[in-house]
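Novice: Dropping the structure in here first, questions after.
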Amino acid sequence: MKQLISACILAALLCCSPNPALAAEATLQQVIATLEQGYASLQDLQASFSQSTTLAGFPKPQKGHGELALRRPAQGTAQFRFDYVVPKQSIISNGKQVWFYQPEIKQVLVSSLEGMMKGGNSIGMAYLTGLGNVSKDFNAAFAKPNRDKQGNYLLDLTPRKATPILSHLRLTIHEEAVNAMLADGKAKEPFPVVTSTVVDGSGTETRISYSRIRTNNGLSAAKFSFKVPQGVEIIKP
């Protein structure tokens with residue numbers, strides 16, 4: 001259960017051009033700048049997502065999909081919400097508390113966000129909130145090959161300090177966002193991530209693909225609070 005929540009958090013934080021052969025080839029530093037500058041302007045995010053989690057030693061992936069929202073208040077920690085259609089569940093945080101709600105079994109796990117992320121996982125937390133600096137927190141390199149079939153850039157990021165929930169991170173960065181950076185000298189897409197893949201210390205791999213991305217629409221803090229329905233069992237670690 002905690003593994004799922006941690007993967008979603010990291011992951012939270014967390015789309016093609018017509019012909020990549022015609023576009024200028026960006027350097028690693030330019031792709032990272034596209035990501036870092038974009039995140040600096042991100043206030044809130046809404047997107048559809050599909051998720052595939054492959055547990056170490058189990059070849060058949062666990063799949064899910066739904067809608068996510070992320071909000072970065074001017075002060076305090078980021079707030080997030082994952083509403084899964086499959087499996088039916090929600091993971092919600094107001095920046096202080098996390099609710100993991102499973103309506104079909106009428107249970108909700110309630111934990112502090114600090115408690116969920118303790119144990120040296122500050123890099124993961126920083127990446128979620130958008131306050132993390134890729135250049136500072138990770139050893140970065142292009143994957144091999146450095147682009148996918150659609151021309152998007154592939155970044156391999158290894159944390160300078162590995163944690164149980166994050167030993168490796170791969171990001172697919174939207175090629176059009178990088179091209180805009182090359183043309184104008186500044187990032188225009190607040191969230192240029194097409195997919196994120198988190199590998200934890202046990203080898204479990206969680207890949208999330210993002211679509212229908214909408215940014216900076218003024219999401220309310222009320223969206224990131226949860227009132228426990230009557231008759232639902234509350235579980236605390």
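Residues are referred to by chain and number: the chain letter is A, B, ... according to the order shown in the structure tokens, the number counts from 1 in that chain, and ligands are numbered separately from 1 in the order shown.
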At most 7 Å is the cut-off: for each residue in segment 142-194 of chain A with any atom that close to an atom of segment 21-39 of chain A, write down the nearest atom pair and the distance in Å rounded to one decimal, counting only C-alpha atoms, chain first then increasing number, as JSON lines.

Specialist:
```
{"residue": "A:Phe142", "atom": "CA", "partner": "A:Leu28", "partner_atom": "CA", "distance": 6.8}
{"residue": "A:Ala177", "atom": "CA", "partner": "A:Thr34", "partner_atom": "CA", "distance": 6.9}
{"residue": "A:Val178", "atom": "CA", "partner": "A:Thr34", "partner_atom": "CA", "distance": 5.9}
{"residue": "A:Met181", "atom": "CA", "partner": "A:Thr34", "partner_atom": "CA", "distance": 6.2}
{"residue": "A:Ala187", "atom": "CA", "partner": "A:Thr34", "partner_atom": "CA", "distance": 5.2}
{"residue": "A:Lys188", "atom": "CA", "partner": "A:Gly38", "partner_atom": "CA", "distance": 6.5}
{"residue": "A:Glu189", "atom": "CA", "partner": "A:Gly38", "partner_atom": "CA", "distance": 5.5}
{"residue": "A:Pro190", "atom": "CA", "partner": "A:Gly38", "partner_atom": "CA", "distance": 3.9}
{"residue": "A:Phe191", "atom": "CA", "partner": "A:Gly38", "partner_atom": "CA", "distance": 5.9}
{"residue": "A:Pro192", "atom": "CA", "partner": "A:Leu35", "partner_atom": "CA", "distance": 6.4}
```

Novice: Limited to N, CA and C atoms, could you put the picked residues into a file as an mmCIF file, in the first residue's frame?

Specialist:
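Resulting contents of part05.cif:
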```cif
data_model
loop_
_atom_site.group_PDB
_atom_site.id
_atom_site.type_symbol
_atom_site.label_atom_id
_atom_site.label_comp_id
_atom_site.auth_asym_id
_atom_site.auth_seq_id
_atom_site.Cartn_x
_atom_site.Cartn_y
_atom_site.Cartn_z
ATOM 1 N N PHE A 142 21.597 11.247 -20.939
ATOM 2 C CA PHE A 142 20.633 10.771 -21.917
ATOM 3 C C PHE A 142 20.572 9.252 -21.850
ATOM 4 N N ALA A 177 8.454 20.998 -26.453
ATOM 5 C CA ALA A 177 8.860 21.890 -25.360
ATOM 6 C C ALA A 177 10.341 22.213 -25.466
ATOM 7 N N VAL A 178 11.150 21.225 -25.821
ATOM 8 C CA VAL A 178 12.589 21.455 -25.987
ATOM 9 C C VAL A 178 12.846 22.366 -27.184
ATOM 10 N N MET A 181 12.235 25.850 -26.280
ATOM 11 C CA MET A 181 13.348 26.331 -25.465
ATOM 12 C C MET A 181 14.526 26.744 -26.352
ATOM 13 N N ALA A 187 11.785 28.285 -21.336
ATOM 14 C CA ALA A 187 10.778 27.221 -21.387
ATOM 15 C C ALA A 187 9.379 27.813 -21.421
ATOM 16 N N LYS A 188 8.488 27.153 -22.165
ATOM 17 C CA LYS A 188 7.103 27.612 -22.269
ATOM 18 C C LYS A 188 6.109 26.623 -21.666
ATOM 19 N N GLU A 189 6.485 25.340 -21.590
ATOM 20 C CA GLU A 189 5.582 24.330 -21.043
ATOM 21 C C GLU A 189 5.893 24.112 -19.569
ATOM 22 N N PRO A 190 4.931 24.404 -18.675
ATOM 23 C CA PRO A 190 5.180 24.185 -17.247
ATOM 24 C C PRO A 190 5.385 22.713 -16.897
ATOM 25 N N PHE A 191 4.803 21.805 -17.671
ATOM 26 C CA PHE A 191 4.939 20.378 -17.391
ATOM 27 C C PHE A 191 5.274 19.662 -18.698
ATOM 28 N N PRO A 192 6.557 19.593 -19.065
ATOM 29 C CA PRO A 192 6.951 19.003 -20.339
ATOM 30 C C PRO A 192 7.157 17.498 -20.286
#
```

Novice: Please provide as a PyMOL selection string all residues within 7 Å of segment 153-157 of chain A, with the sequence filter that same-chain residues fewer than 6 positions apart are discarded (counting only C-alpha atoms).

Specialist: chain A and resi 138-143+146-147+168-175

Novice: So which bits of segment 13-218 of chain A end up strand (DSSP E) when you DSSP the backbone, as a PyMOL selection string?

Specialist: chain A and resi 44-54+62-71+79-86+89-93+97-102+107-112+138-147+153-159+168-173+193-199+205-215

Novice: Pick out the residues sitting within 8 Å of Phe80 of chain A, and hand them over as a PDB file with C-alpha atoms, in the first residue's frame; count only C-alpha atoms, and ignore anything fewer than 2 positions along from it in its own chain.

Specialist:
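And here is the file that came out, selection_22.pdb:
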```
ATOM      1  CA  ALA A  12       3.550  12.917  -9.646  1.00  0.00           C
ATOM      2  CA  LEU A  68      -4.571  13.407 -11.293  1.00  0.00           C
ATOM      3  CA  ALA A  69      -4.289  16.924  -9.948  1.00  0.00           C
ATOM      4  CA  LEU A  70      -1.356  18.781  -8.401  1.00  0.00           C
ATOM      5  CA  ARG A  71      -1.262  22.184  -6.751  1.00  0.00           C
ATOM      6  CA  ALA A  78       2.513  20.657  -2.787  1.00  0.00           C
ATOM      7  CA  PHE A  82      -4.867  10.650  -7.804  1.00  0.00           C
ATOM      8  CA  ILE A  92      -5.181  12.530  -1.749  1.00  0.00           C
ATOM      9  CA  SER A  93      -2.895  14.913   0.127  1.00  0.00           C
ATOM     10  CA  ASN A  94      -3.429  18.446   1.386  1.00  0.00           C
ATOM     11  CA  GLY A  95       0.329  18.831   1.855  1.00  0.00           C
ATOM     12  CA  PHE A 224      -7.117  18.390  -2.073  1.00  0.00           C
TER      13      PHE A 224
END
```

Novice: Can you work out the spacing between atom CA of Thr163 of chain A and atom CA of Val199 of chain A in Å, to one decimal?

Specialist: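 Spanning atom CA of Thr163 of chain A to atom CA of Val199 of chain A is a straight-line distance of 10.5 Å.
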
Novice: Enter the distance from atom CA of Ser41 of chain A to atom CA of Asp184 of chain A, in Å, rounded to one decimal.

Specialist: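 It comes out at 15.9 Å.
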
Novice: When distances are computed from only C-alpha atoms, which of A:Ala222, A:Val198, A:Ala180, A:Ile105 shows the smallest separation from Ile165 of chain A?

Specialist: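 For Ile165 of chain A, the nearest of the candidates is A:Val198.
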
Novice: What's the separation between atom CA of Leu109 of chain A and atom CA of Lys236 of chain A, in Å to one decimal place?

Specialist: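 Atom-to-atom, atom CA of Leu109 of chain A to atom CA of Lys236 of chain A, that is 5.8 Å.
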
Novice: Please return, as a PDB file with C-alpha atoms, in the first residue's frame, all residues of segment 34-212 of chain A that DSSP assigns to alpha helix (DSSP H) on the basis of the backbone.

Specialist:
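Ended up saving to selection09.pdb:
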```pdb
ATOM      1  CA  THR A  34      13.445  22.843 -20.321  1.00  0.00           C
ATOM      2  CA  LEU A  35      12.366  20.683 -17.383  1.00  0.00           C
ATOM      3  CA  GLU A  36      13.665  22.911 -14.584  1.00  0.00           C
ATOM      4  CA  GLN A  37      12.389  26.206 -15.996  1.00  0.00           C
ATOM      5  CA  GLY A  38       9.015  24.655 -16.793  1.00  0.00           C
ATOM      6  CA  TYR A  39       8.595  23.377 -13.237  1.00  0.00           C
ATOM      7  CA  ALA A  40       9.526  26.787 -11.874  1.00  0.00           C
ATOM      8  CA  LEU A 113       2.834  13.089   4.513  1.00  0.00           C
ATOM      9  CA  GLU A 114       5.994  13.541   6.538  1.00  0.00           C
ATOM     10  CA  GLY A 115       5.609  10.032   7.944  1.00  0.00           C
ATOM     11  CA  MET A 116       4.968   8.567   4.518  1.00  0.00           C
ATOM     12  CA  SER A 122      13.636  14.070   0.731  1.00  0.00           C
ATOM     13  CA  ILE A 123      14.735  13.953  -2.918  1.00  0.00           C
ATOM     14  CA  GLY A 124      11.468  12.327  -3.876  1.00  0.00           C
ATOM     15  CA  MET A 125       9.525  14.909  -1.913  1.00  0.00           C
ATOM     16  CA  ALA A 126      11.424  17.765  -3.563  1.00  0.00           C
ATOM     17  CA  TYR A 127      10.744  16.351  -6.997  1.00  0.00           C
ATOM     18  CA  LEU A 128       7.012  16.153  -6.280  1.00  0.00           C
ATOM     19  CA  THR A 129       6.771  19.733  -5.113  1.00  0.00           C
ATOM     20  CA  VAL A 134      17.507  18.082 -11.241  1.00  0.00           C
ATOM     21  CA  SER A 135      21.059  19.331 -11.732  1.00  0.00           C
ATOM     22  CA  LYS A 136      21.662  19.356  -7.984  1.00  0.00           C
ATOM     23  CA  ASP A 137      19.821  16.234  -6.851  1.00  0.00           C
ATOM     24  CA  GLU A 175      10.233  17.385 -27.947  1.00  0.00           C
ATOM     25  CA  GLU A 176       8.117  20.436 -28.810  1.00  0.00           C
ATOM     26  CA  ALA A 177       8.860  21.890 -25.360  1.00  0.00           C
ATOM     27  CA  VAL A 178      12.589  21.455 -25.987  1.00  0.00           C
ATOM     28  CA  ASN A 179      12.296  22.997 -29.471  1.00  0.00           C
ATOM     29  CA  ALA A 180      10.532  26.032 -27.968  1.00  0.00           C
ATOM     30  CA  MET A 181      13.348  26.331 -25.465  1.00  0.00           C
ATOM     31  CA  LEU A 182      15.913  26.245 -28.267  1.00  0.00           C
ATOM     32  CA  ALA A 183      14.026  28.829 -30.308  1.00  0.00           C
ATOM     33  CA  ASP A 184      13.195  31.346 -27.572  1.00  0.00           C
TER      34      ASP A 184
END
```

Novice: When you look at Gln62 of chain A with a cut-off of 8 Å (counting only C-alpha atoms), what residues show up, excluding the ones that are within fewer than 6 positions of it in the same chain? I need them as a list in words.

Specialist: Ser52, Thr53 and Thr54 of chain A

Novice: Have a look at A:Gly64, A:Pro73, A:Asn133, A:Ala56 and name the one nearest to Gly218 of chain A; count only C-alpha atoms.

Specialist: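 The shortest atom-to-atom distance to Gly218 of chain A comes from A:Pro73.
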
Novice: Do you know which residues are at most 6 Å from Asp83 of chain A counting only C-alpha atoms, after dropping those on the same chain fewer than 6 positions away, and could you put them as a ChimeraX atom specification?

Specialist: /A:66-67,90

Novice: Got time to write the residues from that selection, C-alpha atoms, as a PDB file, in the first residue's frame?

Specialist:
```pdb
ATOM      1  CA  GLY A  66      -7.449   7.747 -13.841  1.00  0.00           C
ATOM      2  CA  GLU A  67      -7.143  11.480 -13.291  1.00  0.00           C
ATOM      3  CA  SER A  90      -8.076   7.633  -4.486  1.00  0.00           C
TER       4      SER A  90
END
```

Novice: Would you mind listing what lies within 6 Å of Ile208 of chain A as number ranges by chain, with only C-alpha atoms counted and same-chain residues fewer than 3 positions away left out?

Specialist: A: 50-51, 195-196

Novice: At a cut-off of 6 Å, using only C-alpha atoms, what residues contact Pro164 of chain A? Leave out same-chain residues fewer than 2 positions from it and give the result as an NGL selection string.

Specialist: :A and (166 or 200-201)
